[in-house]
Amino acid sequence: MSNLSNAIPGFRRPPLAPLADAALIEAFRGRAVANISDNMERLSAAVGLRPLHQGGIMAGTALTVRTRPGDNLAIHQALELMQPGYVLVVDGGGDVSRALVGEIMKAIAQSRGCVGFVIDGVIRDADAFARDSFPCFARGAIHAGPYKSGPGEINVPVSIGGMVVNPGDILVGDADGVVAFPAAAGAALLAATLKQEEKEAAILRSIAEGTYAGAYAKGGA
(Lines give C-alpha, C1' and ligand atoms only; values in the text may rest on other atoms or scores of the structure.)
Protein backbone atom coordinates (compact mmCIF):
# COMPACT_ATOMS: atom_id res chain seq x y z
CA MET A 1 0.00 0.00 0.00
CA SER A 2 1.41 3.40 -0.96
CA ASN A 3 2.02 6.21 1.50
CA LEU A 4 -0.69 8.18 -0.30
CA SER A 5 -3.35 5.50 0.10
CA ASN A 6 -2.28 5.02 3.72
CA ALA A 7 -3.32 8.64 4.38
CA ILE A 8 -6.76 8.33 2.78
CA PRO A 9 -9.65 7.63 5.19
CA GLY A 10 -10.84 4.08 4.66
CA PHE A 11 -7.36 2.66 4.12
CA ARG A 12 -5.21 4.05 6.95
CA ARG A 13 -2.69 1.80 8.75
CA PRO A 14 -0.74 3.81 11.36
CA PRO A 15 1.81 1.88 13.46
CA LEU A 16 0.68 -0.05 16.53
CA ALA A 17 0.28 2.04 19.66
CA PRO A 18 2.62 0.92 22.45
CA LEU A 19 1.37 -1.54 25.03
CA ALA A 20 0.24 -0.04 28.32
CA ASP A 21 2.34 -0.80 31.41
CA ALA A 22 1.99 -4.49 32.26
CA ALA A 23 1.73 -3.90 36.02
CA LEU A 24 -1.04 -1.36 35.50
CA ILE A 25 -2.94 -3.76 33.25
CA GLU A 26 -2.61 -6.51 35.86
CA ALA A 27 -3.86 -4.18 38.61
CA PHE A 28 -7.00 -3.41 36.60
CA ARG A 29 -7.63 -7.10 35.90
CA GLY A 30 -9.05 -7.49 39.40
CA ARG A 31 -11.18 -4.34 39.36
CA ALA A 32 -14.92 -4.23 38.72
CA VAL A 33 -15.89 -2.44 35.50
CA ALA A 34 -18.78 -0.75 37.32
CA ASN A 35 -16.37 0.88 39.79
CA ILE A 36 -14.00 1.98 37.03
CA SER A 37 -16.95 3.46 35.14
CA ASP A 38 -18.23 5.31 38.21
CA ASN A 39 -14.84 7.00 38.58
CA MET A 40 -15.01 8.18 34.97
CA GLU A 41 -18.25 9.99 35.87
CA ARG A 42 -20.16 7.18 34.10
CA LEU A 43 -19.49 8.69 30.68
CA SER A 44 -17.60 5.76 29.12
CA ALA A 45 -19.69 2.70 28.30
CA ALA A 46 -20.06 0.42 25.30
CA VAL A 47 -23.83 0.17 25.07
CA GLY A 48 -25.28 -3.06 23.68
CA LEU A 49 -22.24 -5.31 24.05
CA ARG A 50 -22.32 -8.35 26.32
CA PRO A 51 -19.87 -11.10 27.28
CA LEU A 52 -20.19 -14.23 25.14
CA HIS A 53 -17.37 -16.24 26.73
CA GLN A 54 -17.33 -18.62 29.67
CA GLY A 55 -16.45 -15.91 32.17
CA GLY A 56 -13.54 -13.95 33.55
CA ILE A 57 -12.12 -10.44 33.41
CA MET A 58 -10.42 -8.96 30.35
CA ALA A 59 -7.69 -6.34 30.57
CA GLY A 60 -5.35 -5.20 27.80
CA THR A 61 -4.31 -2.55 25.30
CA ALA A 62 -6.47 -1.60 22.33
CA LEU A 63 -5.55 -2.63 18.80
CA THR A 64 -8.39 -1.02 16.88
CA VAL A 65 -10.10 -1.84 13.59
CA ARG A 66 -12.81 0.02 11.71
CA THR A 67 -14.48 -1.99 8.98
CA ARG A 68 -17.41 -1.82 6.64
CA PRO A 69 -20.41 -3.51 8.28
CA GLY A 70 -20.42 -7.23 7.47
CA ASP A 71 -16.84 -7.28 6.13
CA ASN A 72 -13.82 -8.69 8.01
CA LEU A 73 -10.88 -8.19 5.60
CA ALA A 74 -9.33 -5.53 7.85
CA ILE A 75 -9.79 -7.79 10.88
CA HIS A 76 -7.74 -10.53 9.20
CA GLN A 77 -5.09 -7.93 8.40
CA ALA A 78 -5.09 -6.74 12.00
CA LEU A 79 -4.54 -10.30 13.23
CA GLU A 80 -1.33 -10.36 11.18
CA LEU A 81 -0.13 -7.45 13.33
CA MET A 82 -1.35 -8.93 16.61
CA GLN A 83 1.13 -9.17 19.49
CA PRO A 84 0.71 -10.45 23.06
CA GLY A 85 -1.20 -8.09 25.34
CA TYR A 86 -3.51 -6.43 22.81
CA VAL A 87 -7.30 -6.53 22.77
CA LEU A 88 -8.77 -6.64 19.25
CA VAL A 89 -11.34 -3.83 19.20
CA VAL A 90 -13.57 -3.82 16.10
CA ASP A 91 -15.94 -1.06 15.04
CA GLY A 92 -18.33 -2.93 12.78
CA GLY A 93 -20.96 -0.22 12.91
CA GLY A 94 -23.16 -2.29 15.21
CA ASP A 95 -24.32 -4.39 12.26
CA VAL A 96 -25.93 -7.68 13.32
CA SER A 97 -26.62 -9.22 9.88
CA ARG A 98 -23.21 -10.88 9.39
CA ALA A 99 -20.68 -12.31 11.83
CA LEU A 100 -17.27 -10.63 11.82
CA VAL A 101 -15.29 -13.29 13.71
CA GLY A 102 -15.64 -16.97 14.50
CA GLU A 103 -13.81 -19.92 16.02
CA ILE A 104 -10.92 -19.93 13.52
CA MET A 105 -10.18 -16.24 13.99
CA LYS A 106 -10.41 -16.73 17.75
CA ALA A 107 -7.81 -19.51 17.54
CA ILE A 108 -5.50 -17.32 15.42
CA ALA A 109 -5.84 -14.44 17.87
CA GLN A 110 -5.15 -16.66 20.89
CA SER A 111 -2.08 -18.17 19.24
CA ARG A 112 -0.68 -14.67 18.81
CA GLY A 113 -1.26 -13.55 22.38
CA CYS A 114 -4.46 -11.54 21.93
CA VAL A 115 -6.18 -11.10 25.30
CA GLY A 116 -9.73 -10.55 24.09
CA PHE A 117 -12.23 -9.43 21.44
CA VAL A 118 -14.46 -6.37 21.68
CA ILE A 119 -16.74 -6.41 18.62
CA ASP A 120 -19.35 -3.77 17.80
CA GLY A 121 -21.12 -6.35 15.68
CA VAL A 122 -21.79 -10.08 16.01
CA ILE A 123 -19.84 -13.34 16.04
CA ARG A 124 -20.53 -16.91 14.98
CA ASP A 125 -19.49 -20.30 16.39
CA ALA A 126 -21.04 -19.08 19.60
CA ASP A 127 -20.65 -22.45 21.33
CA ALA A 128 -16.87 -22.33 20.86
CA PHE A 129 -16.76 -18.94 22.57
CA ALA A 130 -19.16 -19.99 25.32
CA ARG A 131 -16.95 -22.99 26.19
CA ASP A 132 -13.79 -20.86 26.36
CA SER A 133 -12.51 -18.34 28.89
CA PHE A 134 -11.05 -16.21 26.07
CA PRO A 135 -12.88 -12.88 26.55
CA CYS A 136 -15.30 -11.88 23.83
CA PHE A 137 -17.74 -8.98 24.04
CA ALA A 138 -20.15 -8.47 21.15
CA ARG A 139 -23.77 -7.72 20.31
CA GLY A 140 -24.69 -11.36 19.78
CA ALA A 141 -24.28 -14.20 17.31
CA ILE A 142 -25.50 -15.19 13.85
CA HIS A 143 -24.53 -17.97 11.46
CA ALA A 144 -24.25 -15.72 8.38
CA GLY A 145 -20.60 -15.15 7.51
CA PRO A 146 -18.83 -11.95 6.43
CA TYR A 147 -17.53 -10.61 3.15
CA LYS A 148 -13.80 -10.02 2.71
CA SER A 149 -13.50 -7.14 0.27
CA GLY A 150 -12.86 -4.11 2.51
CA PRO A 151 -12.40 -1.26 2.98
CA GLY A 152 -11.15 -0.99 6.53
CA GLU A 153 -8.71 0.80 8.82
CA ILE A 154 -6.36 -0.35 11.57
CA ASN A 155 -5.00 1.61 14.55
CA VAL A 156 -7.41 4.53 14.23
CA PRO A 157 -9.97 5.91 16.73
CA VAL A 158 -13.19 3.89 16.71
CA SER A 159 -16.66 4.02 18.25
CA ILE A 160 -17.81 0.90 20.10
CA GLY A 161 -21.43 1.08 21.18
CA GLY A 162 -21.05 4.86 21.52
CA MET A 163 -17.76 4.58 23.46
CA VAL A 164 -14.72 6.11 21.77
CA VAL A 165 -11.64 3.88 21.85
CA ASN A 166 -8.25 5.14 20.72
CA PRO A 167 -5.31 2.91 19.80
CA GLY A 168 -3.32 2.22 22.96
CA ASP A 169 -6.24 2.77 25.35
CA ILE A 170 -6.66 0.33 28.22
CA LEU A 171 -9.78 -1.83 28.09
CA VAL A 172 -11.30 -3.73 31.00
CA GLY A 173 -14.27 -6.04 30.65
CA ASP A 174 -16.31 -8.23 32.98
CA ALA A 175 -19.87 -9.54 33.26
CA ASP A 176 -21.22 -5.97 33.27
CA GLY A 177 -19.56 -4.98 29.98
CA VAL A 178 -16.54 -3.03 28.77
CA VAL A 179 -14.89 0.28 29.65
CA ALA A 180 -11.96 2.04 27.92
CA PHE A 181 -9.68 4.87 29.03
CA PRO A 182 -6.33 6.44 28.07
CA ALA A 183 -3.30 4.65 29.49
CA ALA A 184 -1.98 8.01 30.75
CA ALA A 185 -4.99 8.26 33.07
CA GLY A 186 -4.62 4.73 34.35
CA ALA A 187 -2.69 5.33 37.58
CA ALA A 188 -5.03 8.04 38.85
CA LEU A 189 -8.09 6.06 37.82
CA LEU A 190 -6.78 2.95 39.55
CA ALA A 191 -6.26 4.88 42.80
CA ALA A 192 -9.80 6.26 42.67
CA THR A 193 -11.23 2.83 41.90
CA LEU A 194 -9.39 1.21 44.80
CA LYS A 195 -10.67 3.92 47.14
CA GLN A 196 -14.23 3.26 46.01
CA GLU A 197 -13.77 -0.48 46.52
CA GLU A 198 -12.73 0.16 50.13
CA LYS A 199 -15.77 2.38 50.70
CA GLU A 200 -18.19 -0.13 49.23
CA ALA A 201 -16.62 -2.98 51.21
CA ALA A 202 -17.21 -0.97 54.41
CA ILE A 203 -20.86 -0.38 53.43
CA LEU A 204 -21.41 -4.09 52.77
CA ARG A 205 -19.84 -4.94 56.14
CA SER A 206 -22.17 -2.50 57.89
CA ILE A 207 -25.17 -4.05 56.14
CA ALA A 208 -24.08 -7.53 57.20
CA GLU A 209 -23.53 -6.34 60.78
CA GLY A 210 -26.87 -4.51 60.93
CA THR A 211 -25.28 -1.10 61.44
CA TYR A 212 -25.97 0.43 58.03
CA ALA A 213 -27.62 3.83 58.44
CA GLY A 214 -28.74 4.25 54.86
CA ALA A 215 -26.25 6.97 54.00
CA TYR A 216 -25.94 7.81 50.33
CA ALA A 217 -22.99 5.95 48.79
CA LYS A 218 -21.53 7.63 45.74
CA GLY A 219 -21.16 5.14 42.96
CA GLY A 220 -22.86 2.24 44.70
CA ALA A 221 -25.87 0.32 43.50
# chains A, B, ... in the order shown; residues from 1 in each chain; ligands from 1
call {"tool": "select_by_dssp", "arguments": {"residues": "segment 19-209 of chain A", "states": "strand (DSSP E)", "output": "PyMOL selection string"}}
result
chain A and resi 50-51+58-67+86-91+99-101+117-120+122-123+136-138+152-154+158-160+163-165+170-174+177-181
call {"tool": "closest_atom_pairs", "arguments": {"of": "segment 15-86 of chain A", "to": "segment 175-187 of chain A", "cutoff": "9 Å", "atoms": "only C-alpha atoms", "output": "CSV"}}
result
residue,atom,partner,partner_atom,distance
A:Leu19,CA,A:Ala183,CA,8.9
A:Ala20,CA,A:Ala183,CA,6.0
A:Asp21,CA,A:Ala183,CA,8.1
A:Leu24,CA,A:Gly186,CA,7.2
A:Ile25,CA,A:Gly186,CA,8.7
A:Phe28,CA,A:Gly186,CA,8.8
A:Ala32,CA,A:Asp176,CA,8.5
A:Val33,CA,A:Val179,CA,6.5
A:Ala34,CA,A:Asp176,CA,7.0
A:Ile36,CA,A:Val179,CA,7.6
A:Ser37,CA,A:Val179,CA,6.7
A:Met40,CA,A:Phe181,CA,8.6
A:Ser44,CA,A:Val179,CA,6.1
A:Ala45,CA,A:Val179,CA,5.5
A:Ala46,CA,A:Val178,CA,6.0
A:Val47,CA,A:Gly177,CA,8.3
A:Gly48,CA,A:Gly177,CA,8.7
A:Leu49,CA,A:Gly177,CA,6.5
A:Arg50,CA,A:Gly177,CA,5.7
A:Pro51,CA,A:Ala175,CA,6.2
A:Gly55,CA,A:Ala175,CA,7.3
A:Gly56,CA,A:Ala175,CA,7.7
A:Ile57,CA,A:Ala175,CA,7.8
A:Met58,CA,A:Val178,CA,8.7
A:Thr61,CA,A:Ala183,CA,8.4
A:Ala62,CA,A:Ala180,CA,8.6
call {"tool": "residues_around", "arguments": {"residues": "Ile142 of chain A", "least_positions_apart": "5", "cutoff": "12 Å", "atoms": "only C-alpha atoms", "output": "PyMOL selection string"}}
result
chain A and resi 70+95-102+121-127
call {"tool": "atom_distance", "arguments": {"atom1": "atom CA of Ala191 of chain A", "atom2": "atom CA of Ile170 of chain A"}}
result
15.3 Å
call {"tool": "select_by_dssp", "arguments": {"residues": "segment 3-87 of chain A", "states": "alpha helix (DSSP H)", "output": "mmCIF file with all heavy atoms, in the first residue's frame"}}
result
data_model
loop_
_atom_site.group_PDB
_atom_site.id
_atom_site.type_symbol
_atom_site.label_atom_id
_atom_site.label_comp_id
_atom_site.auth_asym_id
_atom_site.auth_seq_id
_atom_site.Cartn_x
_atom_site.Cartn_y
_atom_site.Cartn_z
ATOM 1 N N ASN A 3 2.159 5.233 0.425
ATOM 2 C CA ASN A 3 2.020 6.212 1.498
ATOM 3 C C ASN A 3 0.797 7.078 1.289
ATOM 4 O O ASN A 3 0.142 7.496 2.222
ATOM 5 C CB ASN A 3 3.275 7.087 1.582
ATOM 6 C CG ASN A 3 4.465 6.317 2.116
ATOM 7 O OD1 ASN A 3 4.303 5.346 2.840
ATOM 8 N ND2 ASN A 3 5.657 6.739 1.737
ATOM 9 N N LEU A 4 0.476 7.358 0.000
ATOM 10 C CA LEU A 4 -0.691 8.182 -0.302
ATOM 11 C C LEU A 4 -1.964 7.488 0.139
ATOM 12 O O LEU A 4 -2.793 8.063 0.839
ATOM 13 C CB LEU A 4 -0.750 8.487 -1.804
ATOM 14 C CG LEU A 4 -1.966 9.299 -2.265
ATOM 15 C CD1 LEU A 4 -1.980 10.657 -1.575
ATOM 16 C CD2 LEU A 4 -1.963 9.462 -3.778
ATOM 17 N N SER A 5 -2.125 6.215 -0.259
ATOM 18 C CA SER A 5 -3.352 5.504 0.103
ATOM 19 C C SER A 5 -3.439 5.296 1.610
ATOM 20 O O SER A 5 -4.521 5.238 2.176
ATOM 21 C CB SER A 5 -3.422 4.152 -0.625
ATOM 22 O OG SER A 5 -2.342 3.328 -0.269
ATOM 23 N N ASN A 6 -2.285 5.196 2.275
ATOM 24 C CA ASN A 6 -2.276 5.023 3.719
ATOM 25 C C ASN A 6 -2.825 6.250 4.439
ATOM 26 O O ASN A 6 -3.229 6.172 5.590
ATOM 27 C CB ASN A 6 -0.851 4.732 4.195
ATOM 28 C CG ASN A 6 -0.825 4.219 5.622
ATOM 29 O OD1 ASN A 6 -1.601 3.351 5.974
ATOM 30 N ND2 ASN A 6 0.061 4.756 6.429
ATOM 31 N N ALA A 7 -2.833 7.400 3.775
ATOM 32 C CA ALA A 7 -3.323 8.637 4.382
ATOM 33 C C ALA A 7 -4.795 8.884 4.090
ATOM 34 O O ALA A 7 -5.399 9.778 4.676
ATOM 35 C CB ALA A 7 -2.495 9.826 3.890
ATOM 36 N N ALA A 22 2.506 -3.171 31.908
ATOM 37 C CA ALA A 22 1.987 -4.491 32.256
ATOM 38 C C ALA A 22 1.479 -4.552 33.699
ATOM 39 O O ALA A 22 0.462 -5.196 33.980
ATOM 40 C CB ALA A 22 3.067 -5.548 32.039
ATOM 41 N N ALA A 23 2.170 -3.887 34.617
ATOM 42 C CA ALA A 23 1.734 -3.895 36.016
ATOM 43 C C ALA A 23 0.404 -3.173 36.184
ATOM 44 O O ALA A 23 -0.459 -3.593 36.975
ATOM 45 C CB ALA A 23 2.805 -3.256 36.899
ATOM 46 N N LEU A 24 0.219 -2.102 35.435
ATOM 47 C CA LEU A 24 -1.038 -1.360 35.499
ATOM 48 C C LEU A 24 -2.182 -2.205 34.944
ATOM 49 O O LEU A 24 -3.270 -2.269 35.526
ATOM 50 C CB LEU A 24 -0.900 -0.055 34.719
ATOM 51 C CG LEU A 24 -2.066 0.921 34.776
ATOM 52 C CD1 LEU A 24 -2.323 1.371 36.210
ATOM 53 C CD2 LEU A 24 -1.789 2.126 33.887
ATOM 54 N N ILE A 25 -1.925 -2.868 33.827
ATOM 55 C CA ILE A 25 -2.936 -3.757 33.253
ATOM 56 C C ILE A 25 -3.321 -4.834 34.263
ATOM 57 O O ILE A 25 -4.509 -5.115 34.464
ATOM 58 C CB ILE A 25 -2.403 -4.417 31.962
ATOM 59 C CG1 ILE A 25 -2.235 -3.384 30.840
ATOM 60 C CG2 ILE A 25 -3.325 -5.555 31.515
ATOM 61 C CD1 ILE A 25 -3.513 -2.866 30.258
ATOM 62 N N GLU A 26 -2.335 -5.434 34.907
ATOM 63 C CA GLU A 26 -2.614 -6.510 35.858
ATOM 64 C C GLU A 26 -3.409 -5.996 37.052
ATOM 65 O O GLU A 26 -4.298 -6.688 37.568
ATOM 66 C CB GLU A 26 -1.309 -7.144 36.317
ATOM 67 C CG GLU A 26 -1.494 -8.448 37.072
ATOM 68 C CD GLU A 26 -2.224 -9.509 36.255
ATOM 69 O OE1 GLU A 26 -2.070 -9.546 35.013
ATOM 70 O OE2 GLU A 26 -2.968 -10.308 36.872
ATOM 71 N N ALA A 27 -3.120 -4.768 37.482
ATOM 72 C CA ALA A 27 -3.858 -4.184 38.608
ATOM 73 C C ALA A 27 -5.326 -3.979 38.250
ATOM 74 O O ALA A 27 -6.215 -4.162 39.095
ATOM 75 C CB ALA A 27 -3.221 -2.865 39.016
ATOM 76 N N PHE A 28 -5.606 -3.612 37.015
ATOM 77 C CA PHE A 28 -6.996 -3.414 36.597
ATOM 78 C C PHE A 28 -7.722 -4.733 36.366
ATOM 79 O O PHE A 28 -8.954 -4.762 36.375
ATOM 80 C CB PHE A 28 -7.053 -2.558 35.331
ATOM 81 C CG PHE A 28 -7.087 -1.082 35.603
ATOM 82 C CD1 PHE A 28 -5.987 -0.285 35.330
ATOM 83 C CD2 PHE A 28 -8.214 -0.491 36.143
ATOM 84 C CE1 PHE A 28 -6.022 1.084 35.586
ATOM 85 C CE2 PHE A 28 -8.255 0.872 36.407
ATOM 86 C CZ PHE A 28 -7.151 1.651 36.128
ATOM 87 N N ARG A 29 -6.991 -5.814 36.180
ATOM 88 C CA ARG A 29 -7.632 -7.098 35.904
ATOM 89 C C ARG A 29 -8.539 -7.539 37.045
ATOM 90 O O ARG A 29 -9.517 -8.249 36.843
ATOM 91 C CB ARG A 29 -6.568 -8.157 35.622
ATOM 92 C CG ARG A 29 -7.121 -9.439 34.997
ATOM 93 C CD ARG A 29 -6.004 -10.446 34.739
ATOM 94 N NE ARG A 29 -4.951 -9.879 33.908
ATOM 95 C CZ ARG A 29 -5.008 -9.773 32.586
ATOM 96 N NH1 ARG A 29 -6.088 -10.189 31.948
ATOM 97 N NH2 ARG A 29 -3.999 -9.257 31.914
ATOM 98 N N VAL A 33 -15.638 -3.444 36.536
ATOM 99 C CA VAL A 33 -15.885 -2.443 35.503
ATOM 100 C C VAL A 33 -16.841 -1.363 36.009
ATOM 101 O O VAL A 33 -16.679 -0.183 35.691
ATOM 102 C CB VAL A 33 -16.430 -3.119 34.227
ATOM 103 C CG1 VAL A 33 -17.051 -2.098 33.279
ATOM 104 C CG2 VAL A 33 -15.308 -3.870 33.521
ATOM 105 N N ALA A 34 -17.827 -1.736 36.809
ATOM 106 C CA ALA A 34 -18.777 -0.748 37.319
ATOM 107 C C ALA A 34 -18.070 0.322 38.154
ATOM 108 O O ALA A 34 -18.382 1.514 38.058
ATOM 109 C CB ALA A 34 -19.848 -1.439 38.155
ATOM 110 N N ASN A 35 -17.092 -0.086 38.962
ATOM 111 C CA ASN A 35 -16.369 0.879 39.785
ATOM 112 C C ASN A 35 -15.453 1.761 38.946
ATOM 113 O O ASN A 35 -15.315 2.959 39.217
ATOM 114 C CB ASN A 35 -15.555 0.155 40.859
ATOM 115 C CG ASN A 35 -16.420 -0.405 41.963
ATOM 116 O OD1 ASN A 35 -17.564 0.003 42.132
ATOM 117 N ND2 ASN A 35 -15.886 -1.358 42.715
ATOM 118 N N ILE A 36 -14.819 1.170 37.939
ATOM 119 C CA ILE A 36 -14.001 1.978 37.029
ATOM 120 C C ILE A 36 -14.877 3.012 36.337
ATOM 121 O O ILE A 36 -14.549 4.198 36.261
ATOM 122 C CB ILE A 36 -13.299 1.086 35.990
ATOM 123 C CG1 ILE A 36 -12.361 0.083 36.679
ATOM 124 C CG2 ILE A 36 -12.509 1.941 34.991
ATOM 125 C CD1 ILE A 36 -11.824 -0.986 35.736
ATOM 126 N N SER A 37 -16.023 2.571 35.844
ATOM 127 C CA SER A 37 -16.949 3.455 35.138
ATOM 128 C C SER A 37 -17.433 4.587 36.023
ATOM 129 O O SER A 37 -17.502 5.748 35.596
ATOM 130 C CB SER A 37 -18.137 2.634 34.623
ATOM 131 O OG SER A 37 -19.083 3.448 33.980
ATOM 132 N N ASP A 38 -17.763 4.277 37.276
ATOM 133 C CA ASP A 38 -18.226 5.312 38.205
ATOM 134 C C ASP A 38 -17.187 6.407 38.369
ATOM 135 O O ASP A 38 -17.517 7.596 38.491
ATOM 136 C CB ASP A 38 -18.549 4.707 39.567
ATOM 137 C CG ASP A 38 -19.874 3.971 39.597
ATOM 138 O OD1 ASP A 38 -20.629 4.076 38.610
ATOM 139 O OD2 ASP A 38 -20.139 3.282 40.600
ATOM 140 N N LEU A 73 -12.217 -8.210 6.197
ATOM 141 C CA LEU A 73 -10.882 -8.187 5.603
ATOM 142 C C LEU A 73 -9.885 -7.475 6.516
ATOM 143 O O LEU A 73 -8.787 -7.984 6.786
ATOM 144 C CB LEU A 73 -10.917 -7.511 4.230
ATOM 145 C CG LEU A 73 -9.550 -7.341 3.553
ATOM 146 C CD1 LEU A 73 -8.931 -8.696 3.243
ATOM 147 C CD2 LEU A 73 -9.684 -6.508 2.270
ATOM 148 N N ALA A 74 -10.245 -6.297 7.007
ATOM 149 C CA ALA A 74 -9.334 -5.529 7.854
ATOM 150 C C ALA A 74 -9.061 -6.244 9.175
ATOM 151 O O ALA A 74 -7.983 -6.079 9.755
ATOM 152 C CB ALA A 74 -9.904 -4.136 8.120
ATOM 153 N N ILE A 75 -10.002 -7.046 9.652
ATOM 154 C CA ILE A 75 -9.786 -7.793 10.885
ATOM 155 C C ILE A 75 -8.712 -8.857 10.663
ATOM 156 O O ILE A 75 -7.811 -9.047 11.491
ATOM 157 C CB ILE A 75 -11.092 -8.421 11.386
ATOM 158 C CG1 ILE A 75 -12.167 -7.347 11.574
ATOM 159 C CG2 ILE A 75 -10.856 -9.176 12.695
ATOM 160 C CD1 ILE A 75 -13.527 -7.890 11.938
ATOM 161 N N HIS A 76 -8.783 -9.559 9.532
ATOM 162 C CA HIS A 76 -7.741 -10.525 9.203
ATOM 163 C C HIS A 76 -6.383 -9.839 9.113
ATOM 164 O O HIS A 76 -5.366 -10.369 9.599
ATOM 165 C CB HIS A 76 -8.066 -11.215 7.873
ATOM 166 C CG HIS A 76 -9.060 -12.320 7.994
ATOM 167 N ND1 HIS A 76 -8.736 -13.568 8.490
ATOM 168 C CD2 HIS A 76 -10.379 -12.373 7.685
ATOM 169 C CE1 HIS A 76 -9.806 -14.347 8.487
ATOM 170 N NE2 HIS A 76 -10.815 -13.643 8.000
ATOM 171 N N GLN A 77 -6.351 -8.668 8.514
ATOM 172 C CA GLN A 77 -5.093 -7.927 8.395
ATOM 173 C C GLN A 77 -4.583 -7.491 9.762
ATOM 174 O O GLN A 77 -3.376 -7.514 10.019
ATOM 175 C CB GLN A 77 -5.296 -6.727 7.472
ATOM 176 C CG GLN A 77 -5.579 -7.130 6.033
ATOM 177 C CD GLN A 77 -6.052 -5.973 5.165
ATOM 178 O OE1 GLN A 77 -6.516 -4.953 5.667
ATOM 179 N NE2 GLN A 77 -5.953 -6.141 3.856
ATOM 180 N N ALA A 78 -5.487 -7.124 10.654
ATOM 181 C CA ALA A 78 -5.089 -6.737 12.004
ATOM 182 C C ALA A 78 -4.513 -7.928 12.769
ATOM 183 O O ALA A 78 -3.567 -7.776 13.555
ATOM 184 C CB ALA A 78 -6.278 -6.150 12.759
ATOM 185 N N LEU A 79 -5.058 -9.109 12.551
ATOM 186 C CA LEU A 79 -4.542 -10.296 13.227
ATOM 187 C C LEU A 79 -3.100 -10.589 12.817
ATOM 188 O O LEU A 79 -2.334 -11.176 13.588
ATOM 189 C CB LEU A 79 -5.433 -11.502 12.950
ATOM 190 C CG LEU A 79 -6.785 -11.507 13.669
ATOM 191 C CD1 LEU A 79 -7.599 -12.714 13.251
ATOM 192 C CD2 LEU A 79 -6.597 -11.482 15.177
ATOM 193 N N GLU A 80 -2.717 -10.194 11.606
ATOM 194 C CA GLU A 80 -1.330 -10.362 11.179
ATOM 195 C C GLU A 80 -0.384 -9.463 11.969
ATOM 196 O O GLU A 80 0.819 -9.739 12.064
ATOM 197 C CB GLU A 80 -1.212 -10.076 9.682
ATOM 198 C CG GLU A 80 -1.974 -11.065 8.804
ATOM 199 C CD GLU A 80 -1.916 -10.703 7.340
ATOM 200 O OE1 GLU A 80 -1.225 -9.717 6.994
ATOM 201 O OE2 GLU A 80 -2.548 -11.407 6.529
ATOM 202 N N LEU A 81 -0.927 -8.379 12.528
ATOM 203 C CA LEU A 81 -0.128 -7.446 13.327
ATOM 204 C C LEU A 81 -0.198 -7.755 14.819
ATOM 205 O O LEU A 81 0.523 -7.150 15.611
ATOM 206 C CB LEU A 81 -0.631 -6.012 13.103
ATOM 207 C CG LEU A 81 -0.658 -5.496 11.670
ATOM 208 C CD1 LEU A 81 -1.331 -4.122 11.627
ATOM 209 C CD2 LEU A 81 0.742 -5.430 11.083
#
call {"tool": "closest_residue", "arguments": {"among": "A:Asp91, A:Asp132, A:Glu197, A:Glu209", "to": "Glu153 of chain A", "atoms": "only C-alpha atoms"}}
result
A:Asp91
call {"tool": "atom_distance", "arguments": {"atom1": "atom CA of Phe129 of chain A", "atom2": "atom CA of Pro18 of chain A"}}
result
27.7 Å
call {"tool": "atom_distance", "arguments": {"atom1": "atom CA of Leu189 of chain A", "atom2": "atom CA of Ala201 of chain A"}}
result
18.3 Å
call {"tool": "residues_around", "arguments": {"residues": "Val89 of chain A", "least_positions_apart": "2", "cutoff": "7 Å", "atoms": "only C-alpha atoms", "output": "PyMOL selection string"}}
result
chain A and resi 62-65+87+91+117-119
call {"tool": "write_last_selection", "arguments": {"atoms": "all heavy atoms", "output": "CSV table (one decimal), in the first residue's frame"}}
result
chain,number,residue,atom,x,y,z
A,62,ALA,N,-5.6,-1.6,23.5
A,62,ALA,CA,-6.5,-1.6,22.3
A,62,ALA,C,-5.6,-1.6,21.0
A,62,ALA,O,-4.8,-0.8,20.8
A,62,ALA,CB,-7.4,-0.4,22.3
A,63,LEU,N,-5.9,-2.6,20.2
A,63,LEU,CA,-5.5,-2.6,18.8
A,63,LEU,C,-6.9,-2.5,18.0
A,63,LEU,O,-7.7,-3.4,18.0
A,63,LEU,CB,-4.8,-3.9,18.4
A,63,LEU,CG,-4.1,-4.0,17.1
A,63,LEU,CD1,-3.2,-5.3,17.0
A,63,LEU,CD2,-5.0,-4.0,15.9
A,64,THR,N,-7.1,-1.3,17.4
A,64,THR,CA,-8.4,-1.0,16.9
A,64,THR,C,-8.5,-1.3,15.4
A,64,THR,O,-7.5,-1.2,14.6
A,64,THR,CB,-8.7,0.5,17.1
A,64,THR,OG1,-7.7,1.3,16.4
A,64,THR,CG2,-8.7,0.8,18.6
A,65,VAL,N,-9.7,-1.6,15.0
A,65,VAL,CA,-10.1,-1.8,13.6
A,65,VAL,C,-11.4,-1.2,13.3
A,65,VAL,O,-12.4,-1.3,14.1
A,65,VAL,CB,-10.2,-3.4,13.3
A,65,VAL,CG1,-10.6,-3.6,11.8
A,65,VAL,CG2,-9.0,-4.1,13.6
A,87,VAL,N,-5.9,-6.2,23.0
A,87,VAL,CA,-7.3,-6.5,22.8
A,87,VAL,C,-7.7,-6.1,21.4
A,87,VAL,O,-7.4,-5.0,21.0
A,87,VAL,CB,-8.2,-5.8,23.8
A,87,VAL,CG1,-9.7,-6.1,23.5
A,87,VAL,CG2,-7.8,-6.2,25.2
A,91,ASP,N,-14.8,-1.9,15.3
A,91,ASP,CA,-15.9,-1.1,15.0
A,91,ASP,C,-16.6,-1.6,13.8
A,91,ASP,O,-16.1,-1.3,12.7
A,91,ASP,CB,-15.5,0.4,14.9
A,91,ASP,CG,-16.7,1.3,14.6
A,91,ASP,OD1,-17.8,0.9,14.3
A,91,ASP,OD2,-16.4,2.6,14.5
A,117,PHE,N,-11.5,-10.1,22.5
A,117,PHE,CA,-12.2,-9.4,21.4
A,117,PHE,C,-13.3,-8.5,22.0
A,117,PHE,O,-14.0,-8.8,22.9
A,117,PHE,CB,-13.0,-10.4,20.6
A,117,PHE,CG,-12.1,-11.3,19.7
A,117,PHE,CD1,-12.7,-12.4,19.1
A,117,PHE,CD2,-10.8,-11.0,19.4
A,117,PHE,CE1,-12.0,-13.2,18.2
A,117,PHE,CE2,-10.1,-11.7,18.5
A,117,PHE,CZ,-10.6,-12.9,17.9
A,118,VAL,N,-13.4,-7.3,21.4
A,118,VAL,CA,-14.5,-6.4,21.7
A,118,VAL,C,-15.0,-6.0,20.3
A,118,VAL,O,-14.4,-5.3,19.5
A,118,VAL,CB,-14.0,-5.1,22.4
A,118,VAL,CG1,-15.2,-4.1,22.6
A,118,VAL,CG2,-13.5,-5.5,23.8
A,119,ILE,N,-16.2,-6.5,20.0
A,119,ILE,CA,-16.7,-6.4,18.6
A,119,ILE,C,-18.1,-5.6,18.6
A,119,ILE,O,-19.0,-6.1,19.2
A,119,ILE,CB,-17.0,-7.8,18.0
A,119,ILE,CG1,-15.8,-8.7,18.2
A,119,ILE,CG2,-17.4,-7.7,16.6
A,119,ILE,CD1,-14.6,-8.4,17.4
call {"tool": "closest_residue", "arguments": {"among": "A:Asn39, A:Ser159, A:Gln110, A:Asn72", "to": "Gly94 of chain A", "atoms": "only C-alpha atoms"}}
result
A:Ser159
call {"tool": "closest_residue", "arguments": {"among": "A:Met82, A:Gly214, A:Val90, A:Pro135", "to": "Ser111 of chain A", "atoms": "only C-alpha atoms"}}
result
A:Met82
